[in-house]
Amino acid sequence: MQEEKSKEDHSRLINVTAKDLTARNRRLVEVPYTATLSHAMNTLVANSISALPVAAPPGHWIGAGGSMIMESDKQTGVVRKHYIGILTMLDILAHIAGEDSNLSDLDRKMGSQVSSIIGHCLEGLSLWTLNPNTSLLECMEVFSKGIHRALVPVESSIESNNTIAGVELIESASAYKMLTQMDLLRFLKDHHFDDLKTVLSRSISDLRAVNDSVYAITERTTVSNAINVMKGALLNAVPIVHAPDIAQEDHLQLINGRYRKVIGTFSATDLKGCRLPELQTWLPLTALEFTEKASGKERDVVSCGVESTMEEAIEKVVTKGVHRVWVMDQQGLLQGVVSLTDIIRSLRSALS
C-alpha cells in the first residue's frame, strides 16, 4: 500500500519535495574546522564526493555568506555545531599548486587547517539550506542560479516564513543531508514523469541549454597553470584542446575553445583517487598527462551533438558522473558546453 502511494505521489513533478530528493542519501559527511587538508582529502576520496561542509563550535565564526546553519540536539535544542563553509576539491588543488611553484613542501601544505582554506575559491563561501518541504520546481529554481549543493535538514526546527524560493541562510536541525544538482538530475532520470516527457524529447539547442562561451586549456598547459586560471575564472573543469597554432604564452592561460578538437578534460575532481606521494611528481606535468595518470588510462571525452535531446544529455552526465558535457559539431569540433546548471535552468524555464 505504501509503495502504491509513493508511486502516486511521484507521478507528477508538483508532488516531489527536497525530502523526497534526499530520501536515499546518507547522512551528512563533514569535517571539523581543525581537520588538516590531508584528512579532508582522504574523506573526500573515501566517500567519492567533491565537497565537504566544515563544522565549528557555535559562537566563534561567521558562516559563509552570513549564514547561520546549526546542528542542534534533538531533545534539548542546544546548538552543537555551526557549519561555516564548504571545502571543495578545487580549494585543495588551488592551495597545493597555486601558492608557489615549489612542490617540495607538499606535506606542509597538506597539514594546513581547512578553516584557513575556505573561500580561496568562491564556491566555498556559498552555504545554503533548503527546507525539506521545498518543491522540486523550487529546488530547480535554486540550482538554476549556479548553486551546486544545499543542506536539507532531516527535521527542521525553523519556521519557513523567511524562505525565498526554498533557500534559507538560517537553519537549526538535529541532522542534515546534502542535496546536489546531480542528485536532482539522477532523480529525474530514475523517475519517468509524464510532465517531463515532451521537454526531454526536445534538443539541447532548442531548449537553449548550450553555452557557446567555452574556455579551454591546451595539450601543453601544466597542471599548476591550469589550476590557477581555473581558480581565477571560477571554473571547476575545462576542456583540453589541440592548439598547435597559438603563441607560447597562450599555453599559460585560458583560450577560446570553440572550433577546436577536444582531446581531454581537466577537472578538479581528477584529484579523487590520487595519493599524496603521486601528487608531488604529477603536478609539474601537463594537464593531459595528469588526467591519464590519475585515471590510469586514456579517458573518453563525454560529449554530445548540438541536436542531442535533453534526455540524452541527462543520461550522459548521470551515468558518467560528470558535471558537464562538451557539445561537438559533426566534424568533432567544440561548439559549446552544457553544464548541470544549464540543464536545470533550461528544464525549469521550459516547465514554467
# chains A, B, ... in the order shown; residues from 1 in each chain; ligands from 1
>>> residues_around(residues="Ala150 of chain A", least_positions_apart="4", cutoff="12 Å", atoms="only C-alpha atoms", output="PyMOL selection string")
chain A and resi 18+21-22+28+51-53+69+83+85-86+123+126-132+134+139-140+142-143+146+166-169+171+176-184
>>> select_by_dssp(residues="segment 136-268 of chain A", states="helix (DSSP H, G or I)", output="JSON, numbers by chain")
{"A": [136, 137, 138, 139, 140, 141, 142, 143, 160, 161, 162, 181, 182, 183, 184, 185, 186, 187, 188, 189, 190, 194, 195, 196, 197, 198, 199, 200, 223, 224, 225, 226, 227, 228, 229, 230, 231, 232, 233, 248, 249, 250, 251, 252, 268]}
>>> residues_around(residues="Gly305 of chain A", least_positions_apart="4", cutoff="9 Å", atoms="only C-alpha atoms", output="list in words")
Ile204, Thr309, Trp326, Val327, Met328, Asp329, Gln330, Gly332 and Gln335 of chain A
>>> write_last_selection(atoms="all heavy atoms", output="PDB file, in the first residue's frame")
ATOM      1  N   ILE A 204      18.853  19.966 -26.999  1.00  0.00           N
ATOM      2  CA  ILE A 204      19.507  20.908 -26.084  1.00  0.00           C
ATOM      3  C   ILE A 204      19.616  22.291 -26.727  1.00  0.00           C
ATOM      4  O   ILE A 204      19.585  23.310 -26.036  1.00  0.00           O
ATOM      5  CB  ILE A 204      20.894  20.393 -25.637  1.00  0.00           C
ATOM      6  CG1 ILE A 204      21.786  20.051 -26.844  1.00  0.00           C
ATOM      7  CG2 ILE A 204      20.752  19.214 -24.686  1.00  0.00           C
ATOM      8  CD1 ILE A 204      23.210  19.657 -26.462  1.00  0.00           C
ATOM      9  N   THR A 309      19.122  15.196 -27.665  1.00  0.00           N
ATOM     10  CA  THR A 309      17.974  15.551 -26.831  1.00  0.00           C
ATOM     11  C   THR A 309      18.417  15.822 -25.396  1.00  0.00           C
ATOM     12  O   THR A 309      19.500  15.396 -24.962  1.00  0.00           O
ATOM     13  CB  THR A 309      16.927  14.424 -26.809  1.00  0.00           C
ATOM     14  OG1 THR A 309      17.491  13.273 -26.152  1.00  0.00           O
ATOM     15  CG2 THR A 309      16.474  14.065 -28.207  1.00  0.00           C
ATOM     16  N   TRP A 326      30.602  18.288 -23.228  1.00  0.00           N
ATOM     17  CA  TRP A 326      31.086  19.145 -24.307  1.00  0.00           C
ATOM     18  C   TRP A 326      30.220  18.913 -25.542  1.00  0.00           C
ATOM     19  O   TRP A 326      29.908  17.768 -25.877  1.00  0.00           O
ATOM     20  CB  TRP A 326      32.553  18.856 -24.619  1.00  0.00           C
ATOM     21  CG  TRP A 326      33.449  18.878 -23.403  1.00  0.00           C
ATOM     22  CD1 TRP A 326      34.211  17.862 -22.925  1.00  0.00           C
ATOM     23  CD2 TRP A 326      33.639  19.969 -22.502  1.00  0.00           C
ATOM     24  NE1 TRP A 326      34.868  18.240 -21.777  1.00  0.00           N
ATOM     25  CE2 TRP A 326      34.533  19.538 -21.483  1.00  0.00           C
ATOM     26  CE3 TRP A 326      33.148  21.273 -22.425  1.00  0.00           C
ATOM     27  CZ2 TRP A 326      34.954  20.344 -20.445  1.00  0.00           C
ATOM     28  CZ3 TRP A 326      33.552  22.093 -21.368  1.00  0.00           C
ATOM     29  CH2 TRP A 326      34.445  21.627 -20.399  1.00  0.00           C
ATOM     30  N   VAL A 327      29.833  19.987 -26.201  1.00  0.00           N
ATOM     31  CA  VAL A 327      28.959  19.904 -27.374  1.00  0.00           C
ATOM     32  C   VAL A 327      29.812  20.040 -28.640  1.00  0.00           C
ATOM     33  O   VAL A 327      30.546  21.019 -28.802  1.00  0.00           O
ATOM     34  CB  VAL A 327      27.877  21.003 -27.341  1.00  0.00           C
ATOM     35  CG1 VAL A 327      26.953  20.876 -28.550  1.00  0.00           C
ATOM     36  CG2 VAL A 327      27.079  20.919 -26.036  1.00  0.00           C
ATOM     37  N   MET A 328      29.727  19.029 -29.510  1.00  0.00           N
ATOM     38  CA  MET A 328      30.559  18.979 -30.721  1.00  0.00           C
ATOM     39  C   MET A 328      29.702  19.097 -31.979  1.00  0.00           C
ATOM     40  O   MET A 328      28.526  18.721 -31.985  1.00  0.00           O
ATOM     41  CB  MET A 328      31.315  17.639 -30.784  1.00  0.00           C
ATOM     42  CG  MET A 328      31.986  17.225 -29.499  1.00  0.00           C
ATOM     43  SD  MET A 328      33.449  18.174 -29.164  1.00  0.00           S
ATOM     44  CE  MET A 328      34.300  17.046 -28.066  1.00  0.00           C
ATOM     45  N   ASP A 329      30.345  19.572 -33.065  1.00  0.00           N
ATOM     46  CA  ASP A 329      29.669  19.525 -34.363  1.00  0.00           C
ATOM     47  C   ASP A 329      29.985  18.191 -35.043  1.00  0.00           C
ATOM     48  O   ASP A 329      30.637  17.323 -34.460  1.00  0.00           O
ATOM     49  CB  ASP A 329      30.069  20.718 -35.241  1.00  0.00           C
ATOM     50  CG  ASP A 329      31.554  20.728 -35.608  1.00  0.00           C
ATOM     51  OD1 ASP A 329      32.240  19.688 -35.452  1.00  0.00           O
ATOM     52  OD2 ASP A 329      32.040  21.787 -36.064  1.00  0.00           O
ATOM     53  N   GLN A 330      29.525  18.026 -36.278  1.00  0.00           N
ATOM     54  CA  GLN A 330      29.693  16.748 -36.971  1.00  0.00           C
ATOM     55  C   GLN A 330      31.147  16.442 -37.299  1.00  0.00           C
ATOM     56  O   GLN A 330      31.506  15.283 -37.533  1.00  0.00           O
ATOM     57  CB  GLN A 330      28.846  16.739 -38.254  1.00  0.00           C
ATOM     58  CG  GLN A 330      27.346  16.697 -37.972  1.00  0.00           C
ATOM     59  CD  GLN A 330      26.519  16.614 -39.241  1.00  0.00           C
ATOM     60  OE1 GLN A 330      26.927  17.095 -40.288  1.00  0.00           O
ATOM     61  NE2 GLN A 330      25.340  16.007 -39.141  1.00  0.00           N
ATOM     62  N   GLY A 332      33.469  16.941 -35.132  1.00  0.00           N
ATOM     63  CA  GLY A 332      34.117  16.673 -33.852  1.00  0.00           C
ATOM     64  C   GLY A 332      34.786  17.895 -33.246  1.00  0.00           C
ATOM     65  O   GLY A 332      35.616  17.774 -32.353  1.00  0.00           O
ATOM     66  N   GLN A 335      31.747  23.106 -29.945  1.00  0.00           N
ATOM     67  CA  GLN A 335      30.764  24.170 -30.204  1.00  0.00           C
ATOM     68  C   GLN A 335      30.326  24.877 -28.918  1.00  0.00           C
ATOM     69  O   GLN A 335      29.909  26.028 -28.955  1.00  0.00           O
ATOM     70  CB  GLN A 335      29.531  23.583 -30.882  1.00  0.00           C
ATOM     71  CG  GLN A 335      29.779  23.076 -32.286  1.00  0.00           C
ATOM     72  CD  GLN A 335      30.172  24.202 -33.233  1.00  0.00           C
ATOM     73  OE1 GLN A 335      29.463  25.174 -33.395  1.00  0.00           O
ATOM     74  NE2 GLN A 335      31.331  24.055 -33.844  1.00  0.00           N
TER      75      GLN A 335
END
>>> residues_around(residues="Leu185 of chain A", least_positions_apart="4", cutoff="8 Å", atoms="only C-alpha atoms", output="CSV table (one decimal) with all heavy atoms, in the first residue's frame")
chain,number,residue,atom,x,y,z
A,181,GLN,N,23.1,19.2,-7.4
A,181,GLN,CA,22.5,19.2,-8.7
A,181,GLN,C,22.4,17.8,-9.3
A,181,GLN,O,21.4,17.5,-9.9
A,181,GLN,CB,23.3,20.1,-9.6
A,181,GLN,CG,23.3,21.6,-9.3
A,181,GLN,CD,24.2,22.4,-10.2
A,181,GLN,OE1,25.3,22.0,-10.5
A,181,GLN,NE2,23.7,23.6,-10.6
A,189,LYS,N,16.0,11.2,-13.8
A,189,LYS,CA,16.3,10.1,-14.8
A,189,LYS,C,15.7,8.8,-14.3
A,189,LYS,O,15.2,8.0,-15.1
A,189,LYS,CB,17.9,9.9,-14.8
A,189,LYS,CG,18.3,8.7,-15.7
A,189,LYS,CD,19.8,8.6,-15.6
A,189,LYS,CE,20.2,7.3,-16.3
A,189,LYS,NZ,19.8,6.1,-15.5
A,314,ILE,N,21.1,14.3,-20.1
A,314,ILE,CA,21.0,13.9,-18.7
A,314,ILE,C,21.5,12.5,-18.5
A,314,ILE,O,22.2,12.2,-17.5
A,314,ILE,CB,19.5,14.0,-18.2
A,314,ILE,CG1,19.1,15.5,-18.2
A,314,ILE,CG2,19.3,13.4,-16.9
A,314,ILE,CD1,17.6,15.7,-17.9
A,318,VAL,N,24.6,11.8,-15.8
A,318,VAL,CA,24.3,10.9,-14.6
A,318,VAL,C,25.1,9.6,-14.7
A,318,VAL,O,25.8,9.2,-13.7
A,318,VAL,CB,22.8,10.6,-14.5
A,318,VAL,CG1,22.5,9.6,-13.4
A,318,VAL,CG2,22.1,11.9,-14.2
A,344,ILE,N,19.5,22.2,-15.7
A,344,ILE,CA,18.4,22.5,-14.7
A,344,ILE,C,17.8,23.9,-15.1
A,344,ILE,O,16.5,24.0,-15.0
A,344,ILE,CB,19.0,22.5,-13.3
A,344,ILE,CG1,19.4,21.1,-12.9
A,344,ILE,CG2,17.9,23.0,-12.3
A,344,ILE,CD1,20.2,21.0,-11.6
>>> residues_around(residues="Leu13 of chain A", least_positions_apart="2", cutoff="10 Å", atoms="only C-alpha atoms", output="PyMOL selection string")
chain A and resi 9-11+15-17+135-137+188+191-196
>>> closest_residue(among="A:Ile343, A:Val241, A:Leu333, A:Leu288", to="Val210 of chain A", atoms="only C-alpha atoms")
A:Ile343
>>> select_by_dssp(residues="segment 130-209 of chain A", states="strand (DSSP E or B)", output="list of chain:residue names")
A:Leu130, A:Ser135, A:Arg149, A:Ala150, A:Leu151, A:Val152, A:Pro153, A:Ser156, A:Ile164, A:Val167, A:Glu168, A:Ile170, A:Glu171, A:Ser172, A:Ala173, A:Tyr176, A:Lys177, A:Met178, A:Leu179, A:Thr180, A:Ser203
>>> residues_around(residues="Ala56 of chain A", least_positions_apart="4", cutoff="12 Å", atoms="only C-alpha atoms", output="PyMOL selection string")
chain A and resi 30-35+60-63+68-71+79-86+114-115
>>> residues_around(residues="Leu334 of chain A", least_positions_apart="6", cutoff="12 Å", atoms="only C-alpha atoms", output="short mmCIF file (atom, residue, chain, number, x, y, z; two decimals) with all heavy atoms, in the first residue's frame")
data_model
loop_
_atom_site.label_atom_id
_atom_site.label_comp_id
_atom_site.auth_asym_id
_atom_site.auth_seq_id
_atom_site.Cartn_x
_atom_site.Cartn_y
_atom_site.Cartn_z
N VAL A 210 22.70 25.15 -24.41
CA VAL A 210 24.12 25.16 -24.81
C VAL A 210 24.74 26.53 -24.55
O VAL A 210 24.23 27.55 -25.04
CB VAL A 210 24.28 24.79 -26.30
CG1 VAL A 210 25.76 24.75 -26.67
CG2 VAL A 210 23.61 23.45 -26.59
N ASN A 211 25.82 26.54 -23.80
CA ASN A 211 26.59 27.77 -23.57
C ASN A 211 27.74 27.77 -24.57
O ASN A 211 28.63 26.92 -24.51
CB ASN A 211 27.12 27.77 -22.14
CG ASN A 211 27.82 29.06 -21.76
OD1 ASN A 211 28.19 29.85 -22.64
ND2 ASN A 211 28.02 29.28 -20.49
N ASP A 212 27.71 28.70 -25.52
CA ASP A 212 28.74 28.69 -26.57
C ASP A 212 29.99 29.46 -26.18
O ASP A 212 30.93 29.58 -26.97
CB ASP A 212 28.18 29.18 -27.91
CG ASP A 212 27.64 30.60 -27.82
OD1 ASP A 212 27.89 31.27 -26.80
OD2 ASP A 212 26.96 31.03 -28.79
N SER A 213 30.03 29.97 -24.95
CA SER A 213 31.24 30.58 -24.43
C SER A 213 31.99 29.52 -23.64
O SER A 213 31.62 29.19 -22.51
CB SER A 213 30.88 31.77 -23.53
OG SER A 213 32.03 32.33 -22.95
N VAL A 214 33.00 28.93 -24.26
CA VAL A 214 33.69 27.80 -23.63
C VAL A 214 35.20 28.03 -23.63
O VAL A 214 35.83 28.15 -24.68
CB VAL A 214 33.30 26.46 -24.31
CG1 VAL A 214 33.55 26.49 -25.79
CG2 VAL A 214 33.98 25.28 -23.66
N TYR A 215 35.75 28.16 -22.42
CA TYR A 215 37.18 28.39 -22.26
C TYR A 215 37.90 27.06 -22.13
O TYR A 215 37.38 26.11 -21.56
CB TYR A 215 37.44 29.26 -21.04
CG TYR A 215 36.87 30.65 -21.17
CD1 TYR A 215 35.66 30.98 -20.55
CD2 TYR A 215 37.50 31.61 -21.95
CE1 TYR A 215 35.12 32.25 -20.69
CE2 TYR A 215 36.97 32.88 -22.09
CZ TYR A 215 35.78 33.20 -21.46
OH TYR A 215 35.24 34.45 -21.61
N ALA A 216 39.13 27.03 -22.64
CA ALA A 216 39.88 25.77 -22.69
C ALA A 216 41.33 25.99 -22.33
O ALA A 216 41.83 27.13 -22.31
CB ALA A 216 39.76 25.16 -24.09
N PRO A 239 37.92 21.96 -20.95
CA PRO A 239 38.35 21.01 -21.97
C PRO A 239 39.82 21.25 -22.30
O PRO A 239 40.32 22.38 -22.21
CB PRO A 239 37.46 21.37 -23.18
CG PRO A 239 37.13 22.81 -22.98
CD PRO A 239 37.09 23.04 -21.50
N ILE A 240 40.51 20.16 -22.65
CA ILE A 240 41.89 20.27 -23.15
C ILE A 240 41.80 20.15 -24.67
O ILE A 240 41.28 19.16 -25.18
CB ILE A 240 42.78 19.16 -22.58
CG1 ILE A 240 42.71 19.14 -21.04
CG2 ILE A 240 44.22 19.33 -23.04
CD1 ILE A 240 43.36 17.92 -20.40
N VAL A 241 42.27 21.18 -25.37
CA VAL A 241 42.12 21.20 -26.83
C VAL A 241 43.47 21.15 -27.54
O VAL A 241 44.50 21.52 -26.98
CB VAL A 241 41.33 22.44 -27.30
CG1 VAL A 241 39.93 22.45 -26.71
CG2 VAL A 241 42.07 23.74 -26.95
N HIS A 242 43.42 20.68 -28.77
CA HIS A 242 44.61 20.65 -29.63
C HIS A 242 44.79 22.05 -30.22
O HIS A 242 43.90 22.56 -30.91
CB HIS A 242 44.39 19.61 -30.74
CG HIS A 242 45.57 19.42 -31.63
ND1 HIS A 242 46.84 19.17 -31.14
CD2 HIS A 242 45.69 19.45 -32.99
CE1 HIS A 242 47.69 19.04 -32.16
NE2 HIS A 242 47.01 19.22 -33.28
N ASN A 256 39.99 30.57 -26.14
CA ASN A 256 38.67 30.25 -26.69
C ASN A 256 38.73 28.84 -27.27
O ASN A 256 39.50 28.57 -28.19
CB ASN A 256 38.30 31.27 -27.77
CG ASN A 256 36.91 31.04 -28.33
OD1 ASN A 256 36.22 30.08 -27.97
ND2 ASN A 256 36.48 31.92 -29.21
N GLY A 257 37.89 27.94 -26.74
CA GLY A 257 37.95 26.54 -27.18
C GLY A 257 37.10 26.23 -28.40
O GLY A 257 37.21 25.14 -28.96
N ARG A 258 36.27 27.16 -28.82
CA ARG A 258 35.34 26.88 -29.93
C ARG A 258 36.09 26.55 -31.22
O ARG A 258 37.14 27.13 -31.52
CB ARG A 258 34.41 28.06 -30.19
CG ARG A 258 33.38 28.26 -29.10
CD ARG A 258 32.23 29.10 -29.60
NE ARG A 258 31.25 28.32 -30.35
CZ ARG A 258 30.30 28.85 -31.09
NH1 ARG A 258 30.21 30.15 -31.22
NH2 ARG A 258 29.44 28.08 -31.73
N TYR A 259 35.53 25.59 -31.94
CA TYR A 259 36.05 25.12 -33.24
C TYR A 259 37.40 24.42 -33.13
O TYR A 259 38.12 24.31 -34.11
CB TYR A 259 36.12 26.29 -34.25
CG TYR A 259 34.85 27.06 -34.35
CD1 TYR A 259 34.79 28.41 -33.98
CD2 TYR A 259 33.67 26.45 -34.75
CE1 TYR A 259 33.61 29.12 -34.04
CE2 TYR A 259 32.47 27.15 -34.81
CZ TYR A 259 32.46 28.49 -34.45
OH TYR A 259 31.27 29.19 -34.51
N ARG A 260 37.74 23.97 -31.94
CA ARG A 260 38.98 23.19 -31.76
C ARG A 260 38.62 21.76 -31.36
O ARG A 260 37.53 21.50 -30.86
CB ARG A 260 39.89 23.83 -30.70
CG ARG A 260 40.45 25.19 -31.12
CD ARG A 260 41.52 25.67 -30.17
NE ARG A 260 42.08 26.95 -30.57
CZ ARG A 260 43.08 27.10 -31.44
NH1 ARG A 260 43.62 26.02 -32.00
NH2 ARG A 260 43.54 28.29 -31.75
N LYS A 261 39.56 20.87 -31.57
CA LYS A 261 39.34 19.45 -31.25
C LYS A 261 39.65 19.20 -29.78
O LYS A 261 40.73 19.53 -29.29
CB LYS A 261 40.23 18.56 -32.13
CG LYS A 261 39.96 17.07 -31.91
CD LYS A 261 40.65 16.23 -32.95
CE LYS A 261 40.39 14.73 -32.73
NZ LYS A 261 38.95 14.40 -32.76
N VAL A 262 38.68 18.60 -29.07
CA VAL A 262 38.86 18.29 -27.65
C VAL A 262 39.58 16.95 -27.51
O VAL A 262 39.17 15.95 -28.09
CB VAL A 262 37.49 18.22 -26.92
CG1 VAL A 262 37.70 17.89 -25.44
CG2 VAL A 262 36.74 19.53 -27.08
N ILE A 263 40.67 16.95 -26.74
CA ILE A 263 41.44 15.72 -26.55
C ILE A 263 41.40 15.23 -25.10
O ILE A 263 41.97 14.19 -24.77
CB ILE A 263 42.90 15.89 -27.01
CG1 ILE A 263 43.55 17.11 -26.35
CG2 ILE A 263 42.97 16.01 -28.54
CD1 ILE A 263 45.01 17.32 -26.73
N GLY A 264 40.73 15.98 -24.23
CA GLY A 264 40.63 15.56 -22.84
C GLY A 264 39.87 16.58 -22.02
O GLY A 264 39.45 17.62 -22.51
N VAL A 301 36.25 11.41 -23.82
CA VAL A 301 35.66 12.74 -23.65
C VAL A 301 34.15 12.58 -23.71
O VAL A 301 33.62 12.01 -24.66
CB VAL A 301 36.15 13.69 -24.77
CG1 VAL A 301 35.41 15.01 -24.69
CG2 VAL A 301 37.65 13.90 -24.68
N VAL A 302 33.46 13.04 -22.67
CA VAL A 302 32.00 12.91 -22.63
C VAL A 302 31.41 14.08 -23.42
O VAL A 302 31.54 15.25 -23.04
CB VAL A 302 31.46 12.92 -21.18
CG1 VAL A 302 29.95 12.75 -21.18
CG2 VAL A 302 32.13 11.82 -20.37
N SER A 303 30.78 13.76 -24.54
CA SER A 303 30.29 14.81 -25.44
C SER A 303 28.95 14.42 -26.05
O SER A 303 28.50 13.28 -25.94
CB SER A 303 31.31 15.05 -26.56
OG SER A 303 31.43 13.90 -27.38
N CYS A 304 28.33 15.39 -26.69
CA CYS A 304 27.09 15.15 -27.42
C CYS A 304 27.04 16.12 -28.60
O CYS A 304 27.88 17.01 -28.71
CB CYS A 304 25.88 15.33 -26.51
SG CYS A 304 25.65 17.01 -25.92
N GLY A 305 26.06 15.92 -29.46
CA GLY A 305 25.89 16.81 -30.61
C GLY A 305 24.92 17.93 -30.30
O GLY A 305 24.17 17.87 -29.31
N VAL A 306 24.91 18.96 -31.15
CA VAL A 306 24.05 20.12 -30.91
C VAL A 306 22.57 19.74 -30.97
O VAL A 306 21.72 20.41 -30.38
CB VAL A 306 24.34 21.26 -31.90
CG1 VAL A 306 25.67 21.91 -31.60
CG2 VAL A 306 24.30 20.77 -33.34
N VAL A 325 28.83 18.39 -20.24
CA VAL A 325 29.03 17.63 -21.48
C VAL A 325 29.51 18.63 -22.53
O VAL A 325 28.92 19.70 -22.70
CB VAL A 325 27.71 16.98 -21.95
CG1 VAL A 325 27.93 16.24 -23.26
CG2 VAL A 325 27.19 16.01 -20.90
N TRP A 326 30.60 18.29 -23.23
CA TRP A 326 31.09 19.14 -24.31
C TRP A 326 30.22 18.91 -25.54
O TRP A 326 29.91 17.77 -25.88
CB TRP A 326 32.55 18.86 -24.62
CG TRP A 326 33.45 18.88 -23.40
CD1 TRP A 326 34.21 17.86 -22.93
CD2 TRP A 326 33.64 19.97 -22.50
NE1 TRP A 326 34.87 18.24 -21.78
CE2 TRP A 326 34.53 19.54 -21.48
CE3 TRP A 326 33.15 21.27 -22.42
CZ2 TRP A 326 34.95 20.34 -20.44
CZ3 TRP A 326 33.55 22.09 -21.37
CH2 TRP A 326 34.45 21.63 -20.40
N VAL A 327 29.83 19.99 -26.20
CA VAL A 327 28.96 19.90 -27.37
C VAL A 327 29.81 20.04 -28.64
O VAL A 327 30.55 21.02 -28.80
CB VAL A 327 27.88 21.00 -27.34
CG1 VAL A 327 26.95 20.88 -28.55
CG2 VAL A 327 27.08 20.92 -26.04
N MET A 328 29.73 19.03 -29.51
CA MET A 328 30.56 18.98 -30.72
C MET A 328 29.70 19.10 -31.98
O MET A 328 28.53 18.72 -31.99
CB MET A 328 31.31 17.64 -30.78
CG MET A 328 31.99 17.23 -29.50
SD MET A 328 33.45 18.17 -29.16
CE MET A 328 34.30 17.05 -28.07
#
>>> atom_distance(atom1="atom CA of Ile227 of chain A", atom2="atom CA of Glu289 of chain A")
14.4 Å
